[in-house]
file coords_3.cif (mmCIF, N, CA and C atoms)
data_structure
loop_
_atom_site.label_atom_id
_atom_site.label_comp_id
_atom_site.auth_asym_id
_atom_site.auth_seq_id
_atom_site.Cartn_x
_atom_site.Cartn_y
_atom_site.Cartn_z
N MET A 1327 -9.04 -10.92 -15.69
CA MET A 1327 -8.82 -10.47 -14.33
C MET A 1327 -9.95 -11.02 -13.46
N SER A 1328 -9.88 -10.78 -12.20
CA SER A 1328 -10.82 -11.36 -11.27
C SER A 1328 -12.17 -10.64 -11.29
N ARG A 1329 -13.17 -11.36 -10.89
CA ARG A 1329 -14.51 -10.79 -10.85
C ARG A 1329 -14.77 -10.07 -9.54
N GLY A 1330 -14.12 -10.46 -8.45
CA GLY A 1330 -14.45 -9.92 -7.15
C GLY A 1330 -13.59 -8.81 -6.65
N GLN A 1331 -12.32 -8.76 -7.04
CA GLN A 1331 -11.42 -7.73 -6.57
C GLN A 1331 -10.31 -7.52 -7.57
N LYS A 1332 -9.71 -6.32 -7.53
CA LYS A 1332 -8.61 -6.01 -8.43
C LYS A 1332 -7.69 -5.04 -7.73
N VAL A 1333 -6.40 -5.35 -7.68
CA VAL A 1333 -5.43 -4.41 -7.12
C VAL A 1333 -5.30 -3.27 -8.12
N THR A 1334 -5.55 -2.04 -7.66
CA THR A 1334 -5.51 -0.88 -8.55
C THR A 1334 -4.19 -0.14 -8.48
N SER A 1335 -3.50 -0.19 -7.33
CA SER A 1335 -2.19 0.46 -7.23
C SER A 1335 -1.41 -0.06 -6.04
N LEU A 1336 -0.09 0.01 -6.17
CA LEU A 1336 0.82 -0.32 -5.07
C LEU A 1336 1.86 0.79 -5.05
N THR A 1337 1.88 1.55 -3.96
CA THR A 1337 2.82 2.67 -3.84
C THR A 1337 3.70 2.49 -2.62
N ALA A 1338 4.90 3.08 -2.68
CA ALA A 1338 5.86 2.97 -1.58
C ALA A 1338 6.35 4.34 -1.18
N CYS A 1339 6.55 4.53 0.12
CA CYS A 1339 7.12 5.78 0.63
C CYS A 1339 7.74 5.50 1.99
N LEU A 1340 8.50 6.48 2.50
CA LEU A 1340 9.17 6.35 3.80
C LEU A 1340 8.46 7.16 4.87
N VAL A 1341 8.26 6.54 6.03
CA VAL A 1341 7.78 7.23 7.22
C VAL A 1341 8.89 7.04 8.25
N ASP A 1342 9.62 8.13 8.54
CA ASP A 1342 10.83 8.05 9.36
C ASP A 1342 11.79 7.06 8.69
N GLN A 1343 12.14 5.96 9.34
CA GLN A 1343 13.02 4.96 8.75
C GLN A 1343 12.26 3.71 8.32
N ASN A 1344 10.94 3.82 8.23
CA ASN A 1344 10.10 2.67 7.91
C ASN A 1344 9.54 2.78 6.48
N LEU A 1345 9.51 1.65 5.79
CA LEU A 1345 8.91 1.58 4.47
C LEU A 1345 7.41 1.37 4.64
N ARG A 1346 6.64 2.12 3.87
CA ARG A 1346 5.19 1.95 3.88
C ARG A 1346 4.73 1.62 2.48
N LEU A 1347 4.01 0.51 2.33
CA LEU A 1347 3.43 0.09 1.05
C LEU A 1347 1.92 0.17 1.15
N ASP A 1348 1.31 0.93 0.24
CA ASP A 1348 -0.15 1.06 0.19
C ASP A 1348 -0.66 0.24 -0.98
N CYS A 1349 -1.42 -0.78 -0.69
CA CYS A 1349 -2.00 -1.65 -1.72
C CYS A 1349 -3.50 -1.33 -1.79
N ARG A 1350 -3.86 -0.59 -2.83
CA ARG A 1350 -5.25 -0.19 -3.03
C ARG A 1350 -5.93 -1.17 -3.98
N TYR A 1351 -7.21 -1.43 -3.71
CA TYR A 1351 -7.92 -2.40 -4.55
C TYR A 1351 -9.41 -2.09 -4.60
N GLU A 1352 -10.02 -2.56 -5.68
CA GLU A 1352 -11.48 -2.52 -5.82
C GLU A 1352 -12.01 -3.83 -5.26
N ASN A 1353 -13.07 -3.74 -4.50
CA ASN A 1353 -13.65 -4.94 -3.91
C ASN A 1353 -15.12 -5.02 -4.29
N LYS A 1354 -15.47 -6.06 -5.03
CA LYS A 1354 -16.86 -6.22 -5.47
C LYS A 1354 -17.43 -7.53 -4.99
N THR A 1355 -16.94 -8.00 -3.86
CA THR A 1355 -17.43 -9.27 -3.34
C THR A 1355 -17.57 -9.18 -1.82
N ASN A 1356 -18.40 -10.05 -1.27
CA ASN A 1356 -18.53 -10.14 0.18
C ASN A 1356 -17.67 -11.28 0.73
N SER A 1357 -17.03 -12.03 -0.18
CA SER A 1357 -16.18 -13.15 0.24
C SER A 1357 -14.92 -12.60 0.92
N PRO A 1358 -14.35 -13.38 1.84
CA PRO A 1358 -13.12 -12.93 2.50
C PRO A 1358 -11.98 -12.79 1.49
N ILE A 1359 -11.16 -11.76 1.69
CA ILE A 1359 -10.01 -11.53 0.82
C ILE A 1359 -8.74 -11.85 1.59
N GLN A 1360 -7.95 -12.77 1.04
CA GLN A 1360 -6.65 -13.08 1.62
C GLN A 1360 -5.62 -12.20 0.94
N HIS A 1361 -4.52 -11.91 1.65
CA HIS A 1361 -3.51 -11.02 1.10
C HIS A 1361 -2.11 -11.53 1.40
N GLU A 1362 -1.17 -11.03 0.59
CA GLU A 1362 0.24 -11.36 0.82
C GLU A 1362 1.10 -10.20 0.31
N PHE A 1363 2.02 -9.76 1.15
CA PHE A 1363 3.06 -8.83 0.73
C PHE A 1363 4.35 -9.62 0.64
N SER A 1364 5.08 -9.43 -0.47
CA SER A 1364 6.34 -10.16 -0.64
C SER A 1364 7.40 -9.23 -1.22
N LEU A 1365 8.64 -9.69 -1.10
CA LEU A 1365 9.80 -8.99 -1.64
C LEU A 1365 10.59 -9.98 -2.48
N THR A 1366 10.87 -9.61 -3.74
CA THR A 1366 11.74 -10.43 -4.57
C THR A 1366 13.07 -9.72 -4.70
N ARG A 1367 14.11 -10.41 -4.26
CA ARG A 1367 15.47 -9.86 -4.27
C ARG A 1367 16.40 -10.97 -4.73
N GLU A 1368 17.23 -10.66 -5.72
CA GLU A 1368 18.16 -11.65 -6.29
C GLU A 1368 17.42 -12.92 -6.71
N LYS A 1369 16.28 -12.73 -7.38
CA LYS A 1369 15.46 -13.81 -7.94
C LYS A 1369 14.84 -14.73 -6.90
N LYS A 1370 14.86 -14.33 -5.63
CA LYS A 1370 14.24 -15.14 -4.57
C LYS A 1370 13.10 -14.36 -3.93
N LYS A 1371 11.94 -15.02 -3.82
CA LYS A 1371 10.76 -14.40 -3.21
C LYS A 1371 10.78 -14.61 -1.70
N HIS A 1372 10.58 -13.52 -0.96
CA HIS A 1372 10.50 -13.56 0.50
C HIS A 1372 9.10 -13.08 0.90
N VAL A 1373 8.33 -13.93 1.58
CA VAL A 1373 7.01 -13.52 2.05
C VAL A 1373 7.21 -12.69 3.32
N LEU A 1374 6.68 -11.46 3.29
CA LEU A 1374 6.84 -10.54 4.42
C LEU A 1374 5.70 -10.65 5.42
N ALA A 1375 4.47 -10.69 4.91
CA ALA A 1375 3.30 -10.71 5.78
C ALA A 1375 2.09 -11.12 4.96
N GLY A 1376 1.05 -11.56 5.67
CA GLY A 1376 -0.20 -11.85 4.99
C GLY A 1376 -0.85 -13.13 5.45
N THR A 1377 -1.91 -13.50 4.72
CA THR A 1377 -2.70 -14.67 5.07
C THR A 1377 -2.61 -15.76 4.00
N LEU A 1378 -1.81 -15.53 2.95
CA LEU A 1378 -1.66 -16.54 1.89
C LEU A 1378 -0.46 -17.44 2.17
N GLY A 1379 0.74 -16.86 2.17
CA GLY A 1379 1.94 -17.63 2.42
C GLY A 1379 2.37 -17.49 3.87
N VAL A 1380 3.41 -18.21 4.22
CA VAL A 1380 3.95 -18.14 5.58
C VAL A 1380 5.06 -17.09 5.61
N PRO A 1381 4.88 -16.03 6.40
CA PRO A 1381 5.90 -14.98 6.46
C PRO A 1381 7.22 -15.53 7.00
N GLU A 1382 8.33 -15.07 6.39
CA GLU A 1382 9.64 -15.50 6.85
C GLU A 1382 9.93 -14.92 8.24
N HIS A 1383 10.60 -15.72 9.04
CA HIS A 1383 10.88 -15.36 10.42
C HIS A 1383 11.62 -14.02 10.53
N THR A 1384 12.56 -13.76 9.62
CA THR A 1384 13.36 -12.54 9.70
C THR A 1384 12.53 -11.27 9.51
N TYR A 1385 11.35 -11.38 8.90
CA TYR A 1385 10.52 -10.21 8.66
C TYR A 1385 9.35 -10.08 9.64
N ARG A 1386 8.98 -11.17 10.30
CA ARG A 1386 7.79 -11.15 11.15
C ARG A 1386 7.80 -10.04 12.19
N SER A 1387 8.94 -9.84 12.86
CA SER A 1387 9.00 -8.84 13.93
C SER A 1387 9.10 -7.42 13.39
N ARG A 1388 9.37 -7.27 12.08
CA ARG A 1388 9.55 -5.93 11.50
C ARG A 1388 8.34 -5.44 10.71
N THR A 1389 7.34 -6.29 10.52
CA THR A 1389 6.22 -5.90 9.68
C THR A 1389 4.92 -5.80 10.46
N SER A 1390 4.06 -4.92 9.97
CA SER A 1390 2.69 -4.85 10.46
C SER A 1390 1.80 -4.51 9.27
N VAL A 1391 0.59 -5.05 9.27
CA VAL A 1391 -0.37 -4.81 8.20
C VAL A 1391 -1.64 -4.24 8.82
N THR A 1392 -2.10 -3.14 8.24
CA THR A 1392 -3.38 -2.56 8.64
C THR A 1392 -4.22 -2.46 7.39
N GLY A 1393 -5.50 -2.24 7.58
CA GLY A 1393 -6.34 -2.14 6.40
C GLY A 1393 -7.70 -1.57 6.69
N ASN A 1394 -8.29 -1.07 5.66
CA ASN A 1394 -9.66 -0.60 5.62
C ASN A 1394 -10.26 -1.25 4.39
N PRO A 1395 -11.55 -1.05 4.17
CA PRO A 1395 -12.08 -1.53 2.89
C PRO A 1395 -11.33 -0.83 1.76
N ASN A 1396 -10.82 -1.56 0.83
CA ASN A 1396 -10.14 -1.05 -0.37
C ASN A 1396 -8.68 -0.66 -0.19
N ILE A 1397 -8.06 -0.91 0.97
CA ILE A 1397 -6.62 -0.66 1.11
C ILE A 1397 -6.03 -1.56 2.19
N LYS A 1398 -4.86 -2.10 1.89
CA LYS A 1398 -4.04 -2.82 2.88
C LYS A 1398 -2.72 -2.07 2.92
N VAL A 1399 -2.23 -1.81 4.12
CA VAL A 1399 -0.99 -1.05 4.30
C VAL A 1399 0.01 -1.90 5.06
N LEU A 1400 1.18 -2.10 4.43
CA LEU A 1400 2.28 -2.82 5.08
C LEU A 1400 3.30 -1.80 5.55
N THR A 1401 3.74 -1.94 6.79
CA THR A 1401 4.85 -1.14 7.31
C THR A 1401 6.00 -2.08 7.62
N LEU A 1402 7.17 -1.80 7.03
CA LEU A 1402 8.38 -2.56 7.28
C LEU A 1402 9.32 -1.67 8.06
N ALA A 1403 9.56 -2.02 9.33
CA ALA A 1403 10.38 -1.19 10.21
C ALA A 1403 11.86 -1.26 9.84
N ASN A 1404 12.55 -0.16 10.09
CA ASN A 1404 14.01 -0.07 9.90
C ASN A 1404 14.44 -0.48 8.50
N PHE A 1405 13.85 0.14 7.50
CA PHE A 1405 14.15 -0.15 6.10
C PHE A 1405 15.57 0.28 5.76
N THR A 1406 16.33 -0.64 5.15
CA THR A 1406 17.72 -0.34 4.74
C THR A 1406 17.90 -0.75 3.28
N THR A 1407 19.10 -0.51 2.75
CA THR A 1407 19.38 -0.90 1.37
C THR A 1407 19.32 -2.42 1.20
N LYS A 1408 19.49 -3.16 2.28
CA LYS A 1408 19.37 -4.63 2.20
C LYS A 1408 17.93 -5.07 1.92
N ASP A 1409 16.99 -4.16 2.13
CA ASP A 1409 15.57 -4.46 1.90
C ASP A 1409 15.10 -4.00 0.52
N GLU A 1410 16.02 -3.51 -0.32
CA GLU A 1410 15.64 -3.06 -1.64
C GLU A 1410 15.26 -4.25 -2.53
N GLY A 1411 14.38 -3.99 -3.48
CA GLY A 1411 13.96 -5.04 -4.41
C GLY A 1411 12.60 -4.75 -4.97
N THR A 1412 11.95 -5.78 -5.48
CA THR A 1412 10.60 -5.65 -6.05
C THR A 1412 9.59 -6.16 -5.04
N TYR A 1413 8.73 -5.26 -4.61
CA TYR A 1413 7.69 -5.61 -3.63
C TYR A 1413 6.39 -5.90 -4.38
N ALA A 1414 5.63 -6.84 -3.85
CA ALA A 1414 4.36 -7.21 -4.48
C ALA A 1414 3.26 -7.28 -3.43
N CYS A 1415 2.08 -6.95 -3.88
CA CYS A 1415 0.86 -7.13 -3.08
C CYS A 1415 -0.03 -8.05 -3.89
N GLU A 1416 -0.43 -9.15 -3.30
CA GLU A 1416 -1.31 -10.12 -3.97
C GLU A 1416 -2.56 -10.31 -3.14
N LEU A 1417 -3.70 -10.27 -3.81
CA LEU A 1417 -4.99 -10.50 -3.15
C LEU A 1417 -5.66 -11.70 -3.79
N ARG A 1418 -6.31 -12.47 -2.97
CA ARG A 1418 -7.03 -13.65 -3.48
C ARG A 1418 -8.37 -13.74 -2.76
N VAL A 1419 -9.42 -13.94 -3.56
CA VAL A 1419 -10.75 -14.13 -3.01
C VAL A 1419 -10.98 -15.62 -2.88
N SER A 1420 -11.37 -16.06 -1.69
CA SER A 1420 -11.66 -17.46 -1.46
C SER A 1420 -12.98 -17.83 -2.13
N GLY A 1421 -13.17 -19.09 -2.34
CA GLY A 1421 -14.43 -19.54 -2.91
C GLY A 1421 -14.22 -20.73 -3.82
N GLN A 1422 -15.28 -21.08 -4.55
CA GLN A 1422 -15.21 -22.25 -5.42
C GLN A 1422 -14.23 -22.04 -6.57
N SER A 1423 -14.18 -20.81 -7.11
CA SER A 1423 -13.19 -20.52 -8.16
C SER A 1423 -12.34 -19.34 -7.68
N PRO A 1424 -11.26 -19.63 -6.92
CA PRO A 1424 -10.45 -18.56 -6.35
C PRO A 1424 -9.88 -17.65 -7.45
N THR A 1425 -9.90 -16.35 -7.19
CA THR A 1425 -9.36 -15.38 -8.14
C THR A 1425 -8.23 -14.60 -7.47
N THR A 1426 -7.22 -14.24 -8.27
CA THR A 1426 -6.04 -13.56 -7.75
C THR A 1426 -5.78 -12.29 -8.54
N SER A 1427 -5.31 -11.26 -7.85
CA SER A 1427 -4.89 -10.01 -8.49
C SER A 1427 -3.67 -9.51 -7.74
N SER A 1428 -2.71 -8.92 -8.49
CA SER A 1428 -1.49 -8.44 -7.82
C SER A 1428 -0.89 -7.25 -8.57
N GLN A 1429 -0.01 -6.53 -7.88
CA GLN A 1429 0.77 -5.43 -8.44
C GLN A 1429 2.16 -5.48 -7.84
N ASN A 1430 3.15 -4.96 -8.60
CA ASN A 1430 4.54 -4.90 -8.13
C ASN A 1430 5.02 -3.46 -8.15
N VAL A 1431 6.02 -3.18 -7.30
CA VAL A 1431 6.69 -1.88 -7.33
C VAL A 1431 8.16 -2.11 -6.97
N SER A 1432 9.05 -1.47 -7.73
CA SER A 1432 10.48 -1.56 -7.46
C SER A 1432 10.84 -0.49 -6.43
N VAL A 1433 11.55 -0.90 -5.37
CA VAL A 1433 11.86 0.03 -4.28
C VAL A 1433 13.36 0.12 -4.06
N LEU A 1434 13.88 1.33 -4.21
CA LEU A 1434 15.28 1.64 -3.91
C LEU A 1434 15.30 2.74 -2.86
N ARG A 1435 16.09 2.55 -1.83
CA ARG A 1435 16.07 3.48 -0.69
C ARG A 1435 16.31 4.93 -1.12
N ASP A 1436 17.29 5.18 -1.96
CA ASP A 1436 17.61 6.56 -2.31
C ASP A 1436 16.62 7.18 -3.29
N LYS A 1437 15.68 6.39 -3.80
CA LYS A 1437 14.66 6.91 -4.72
C LYS A 1437 13.30 7.09 -4.04
N LEU A 1438 13.18 6.66 -2.77
CA LEU A 1438 11.89 6.74 -2.08
C LEU A 1438 11.58 8.16 -1.65
N VAL A 1439 10.31 8.52 -1.75
CA VAL A 1439 9.86 9.81 -1.25
C VAL A 1439 9.34 9.63 0.17
N LYS A 1440 9.36 10.71 0.92
CA LYS A 1440 8.80 10.66 2.27
C LYS A 1440 7.29 10.74 2.17
N CYS A 1441 6.61 9.94 3.00
CA CYS A 1441 5.15 10.02 3.06
C CYS A 1441 4.83 11.35 3.73
N GLY A 1442 3.97 12.14 3.13
CA GLY A 1442 3.64 13.44 3.69
C GLY A 1442 2.17 13.56 3.99
N GLY A 1443 1.83 14.48 4.88
CA GLY A 1443 0.45 14.68 5.26
C GLY A 1443 -0.43 15.06 4.09
N ILE A 1444 0.04 16.00 3.24
CA ILE A 1444 -0.77 16.42 2.11
C ILE A 1444 -0.90 15.29 1.10
N SER A 1445 0.21 14.57 0.82
CA SER A 1445 0.12 13.48 -0.16
C SER A 1445 -0.78 12.37 0.36
N LEU A 1446 -0.74 12.11 1.66
CA LEU A 1446 -1.63 11.09 2.22
C LEU A 1446 -3.08 11.53 2.08
N LEU A 1447 -3.31 12.83 2.31
CA LEU A 1447 -4.66 13.35 2.17
C LEU A 1447 -5.14 13.20 0.73
N VAL A 1448 -4.29 13.54 -0.21
CA VAL A 1448 -4.64 13.45 -1.63
C VAL A 1448 -4.89 12.00 -2.03
N GLN A 1449 -4.05 11.07 -1.53
CA GLN A 1449 -4.20 9.68 -1.91
C GLN A 1449 -5.47 9.06 -1.36
N ASN A 1450 -5.92 9.53 -0.20
CA ASN A 1450 -7.03 8.87 0.48
C ASN A 1450 -8.34 9.65 0.43
N THR A 1451 -8.38 10.76 -0.30
CA THR A 1451 -9.55 11.60 -0.30
C THR A 1451 -10.00 11.89 -1.73
N SER A 1452 -11.28 11.95 -1.91
CA SER A 1452 -11.78 12.24 -3.25
C SER A 1452 -11.47 13.69 -3.62
N TRP A 1453 -11.38 13.97 -4.91
CA TRP A 1453 -11.05 15.32 -5.38
C TRP A 1453 -12.12 16.31 -4.98
N LEU A 1454 -13.39 15.89 -4.93
CA LEU A 1454 -14.47 16.80 -4.58
C LEU A 1454 -14.33 17.26 -3.13
N LEU A 1455 -14.01 16.33 -2.24
CA LEU A 1455 -13.82 16.69 -0.84
C LEU A 1455 -12.63 17.62 -0.68
N LEU A 1456 -11.54 17.35 -1.43
CA LEU A 1456 -10.39 18.25 -1.39
C LEU A 1456 -10.75 19.65 -1.86
N LEU A 1457 -11.56 19.74 -2.90
CA LEU A 1457 -12.00 21.04 -3.40
C LEU A 1457 -12.79 21.79 -2.34
N LEU A 1458 -13.71 21.09 -1.68
CA LEU A 1458 -14.51 21.73 -0.64
C LEU A 1458 -13.64 22.20 0.53
N ILE A 1459 -12.67 21.39 0.92
CA ILE A 1459 -11.76 21.78 2.00
C ILE A 1459 -10.95 23.00 1.57
N SER A 1460 -10.45 22.98 0.35
CA SER A 1460 -9.65 24.10 -0.16
C SER A 1460 -10.46 25.39 -0.19
N LEU A 1461 -11.70 25.31 -0.68
CA LEU A 1461 -12.55 26.50 -0.72
C LEU A 1461 -12.78 27.07 0.67
N SER A 1462 -13.01 26.19 1.63
CA SER A 1462 -13.22 26.64 3.01
C SER A 1462 -11.97 27.35 3.55
N LEU A 1463 -10.80 26.78 3.26
CA LEU A 1463 -9.56 27.40 3.71
C LEU A 1463 -9.35 28.77 3.06
N PHE A 1464 -9.57 28.83 1.74
CA PHE A 1464 -9.39 30.11 1.04
C PHE A 1464 -10.38 31.17 1.55
N GLN A 1465 -11.61 30.73 1.83
CA GLN A 1465 -12.59 31.67 2.35
C GLN A 1465 -12.20 32.14 3.75
N ALA A 1466 -11.69 31.23 4.57
CA ALA A 1466 -11.27 31.60 5.93
C ALA A 1466 -10.11 32.57 5.90
N MET A 1467 -9.25 32.48 4.87
CA MET A 1467 -8.10 33.37 4.78
C MET A 1467 -8.41 34.58 3.91
N ASP A 1468 -9.69 34.79 3.55
CA ASP A 1468 -10.14 35.93 2.75
C ASP A 1468 -9.52 36.00 1.37
N PHE A 1469 -9.13 34.85 0.80
CA PHE A 1469 -8.64 34.84 -0.58
C PHE A 1469 -9.81 34.95 -1.55
N ILE A 1470 -10.94 34.35 -1.17
CA ILE A 1470 -12.12 34.43 -2.02
C ILE A 1470 -13.34 34.68 -1.15
N SER A 1471 -14.36 35.20 -1.75
CA SER A 1471 -15.61 35.33 -1.01
C SER A 1471 -16.70 34.61 -1.78
N LEU A 1472 -17.45 33.83 -1.08
CA LEU A 1472 -18.53 33.05 -1.73
C LEU A 1472 -19.89 33.70 -1.49
#

call {"tool": "encode", "arguments": {"input": "coords_3.cif", "output": "structure tokens"}}
result
Amino acid sequence: MSRGQKVTSLTACLVDQNLRLDCRYENKTNSPIQHEFSLTREKKKHVLAGTLGVPEHTYRSRTSVTGNPNIKVLTLANFTTKDEGTYACELRVSGQSPTTSSQNVSVLRDKLVKCGGISLLVQNTSWLLLLLISLSLFQAMDFISL
């Protein structure tokens, strides 16, 4: 695997009628990281967004990518059954010896869960911080006394 970065997970969920893909990764380099989100359907790869391949015209107006250190998030607007398939997130570190890491997830519209506030909190927050928040809430509601 790569020395500078590694994709640790790729998850999919629905926000209203939009598909959201969260590509989480470990980053151990200061080199720029290029990324690509793609969809493989009927054995054909379609580049949706990113800095590696050229995104297909049909997806450009429907996609947006945001990111923080250690996560890239793709939003695909107006997700339908025609958009079902295997989605991939690929990261590549530039440099003298380029390294690549990727993950795939199979996405079917009727199997997708809705992105929720609590699940987003759990996905993006350490367990210790969640514990502290929970204790504060329980104390405020007089469930426990510290």

call {"tool": "residues_around", "arguments": {"input": "coords_3.cif", "residues": "Lys1370 (chain A)", "least_positions_apart": "4", "cutoff": "12 Å", "atoms": "only C-alpha atoms", "output": "list in words"}}
result
Ser1364, Leu1365, Thr1366, Gly1411, Thr1412 and Tyr1413 of chain A

call {"tool": "write_last_selection", "arguments": {"input": "coords_3.cif", "atoms": "N, CA and C atoms", "output": "compact mmCIF listing (two decimals), in the frame of the given file"}}
result
# COMPACT_ATOMS: atom_id res chain seq x y z
N SER A 1364 5.08 -9.43 -0.47
CA SER A 1364 6.34 -10.16 -0.64
C SER A 1364 7.40 -9.23 -1.22
N LEU A 1365 8.64 -9.69 -1.10
CA LEU A 1365 9.80 -8.99 -1.64
C LEU A 1365 10.59 -9.98 -2.48
N THR A 1366 10.87 -9.61 -3.74
CA THR A 1366 11.74 -10.43 -4.57
C THR A 1366 13.07 -9.72 -4.70
N GLY A 1411 14.38 -3.99 -3.48
CA GLY A 1411 13.96 -5.04 -4.41
C GLY A 1411 12.60 -4.75 -4.97
N THR A 1412 11.95 -5.78 -5.48
CA THR A 1412 10.60 -5.65 -6.05
C THR A 1412 9.59 -6.16 -5.04
N TYR A 1413 8.73 -5.26 -4.61
CA TYR A 1413 7.69 -5.61 -3.63
C TYR A 1413 6.39 -5.90 -4.38

call {"tool": "closest_residue", "arguments": {"input": "coords_3.cif", "among": "A:Gly1379, A:Ser1357, A:Ala1338, A:Cys1349", "to": "Val1419 (chain A)", "atoms": "all atoms listed in the file"}}
result
A:Ser1357

call {"tool": "resolve_selection", "arguments": {"input": "coords_3.cif", "expression": "the PyMOL selection byres (((chain A and resi 1376 and name CA) around 10) and name CA)", "output": "list in words"}}
result
Gln1360, His1361, Glu1362, Phe1363, Ser1364, Val1373, Leu1374, Ala1375, Thr1377, Leu1378, Gly1379, Val1380, Pro1381, Thr1389, Ser1390, Val1391, Leu1400, Cys1415, Glu1416 and Leu1417 of chain A

call {"tool": "residues_near_point", "arguments": {"input": "coords_3.cif", "point": "(-7.0, -4.7, -7.3)", "cutoff": "10 Å", "atoms": "only C-alpha atoms", "output": "list in words"}}
result
Met1327, Ser1328, Gly1330, Gln1331, Lys1332, Val1333, Thr1334, Ser1335, Leu1336, Cys1349, Arg1350, Tyr1351, Glu1352, Asn1353, Asn1396, Ile1397, Cys1415, Glu1416, Leu1417, Arg1418, Thr1426, Ser1427, Ser1428 and Gln1429 of chain A

call {"tool": "atom_distance", "arguments": {"input": "coords_3.cif", "atom1": "atom N of Asn1404 (chain A)", "atom2": "atom N of Arg1386 (chain A)"}}
result
11.6 Å

call {"tool": "closest_residue", "arguments": {"input": "coords_3.cif", "among": "A:Ile1359, A:Cys1339, A:Val1399, A:Leu1347", "to": "Arg1435 (chain A)", "atoms": "only C-alpha atoms"}}
result
A:Cys1339

call {"tool": "closest_residue", "arguments": {"input": "coords_3.cif", "among": "A:Val1431, A:Glu1410, A:Lys1437, A:Leu1402", "to": "Arg1346 (chain A)", "atoms": "only N, CA and C atoms"}}
result
A:Leu1402

call {"tool": "atom_distance", "arguments": {"input": "coords_3.cif", "atom1": "CA of Asp1436 (chain A)", "atom2": "CA of Gly1393 (chain A)"}}
result
26.9 Å

call {"tool": "atom_distance", "arguments": {"input": "coords_3.cif", "atom1": "CA of Pro1424 (chain A)", "atom2": "CA of Thr1401 (chain A)"}}
result
26.9 Å

call {"tool": "closest_residue", "arguments": {"input": "coords_3.cif", "among": "A:Lys1398, A:Lys1440, A:Thr1392, A:Glu1368", "to": "Asp1348 (chain A)", "atoms": "all atoms listed in the file"}}
result
A:Lys1398

call {"tool": "select_by_dssp", "arguments": {"input": "coords_3.cif", "residues": "region 1344-1454 of chain A", "states": "helix (DSSP H, G or I)", "output": "number ranges by chain"}}
result
A: 1383-1386, 1407-1409, 1435-1437, 1443-1450, 1453-1454

call {"tool": "closest_residue", "arguments": {"input": "coords_3.cif", "among": "A:Leu1340, A:Gly1442, A:Leu1345, A:Ala1414", "to": "His1372 (chain A)", "atoms": "only C-alpha atoms"}}
result
A:Ala1414
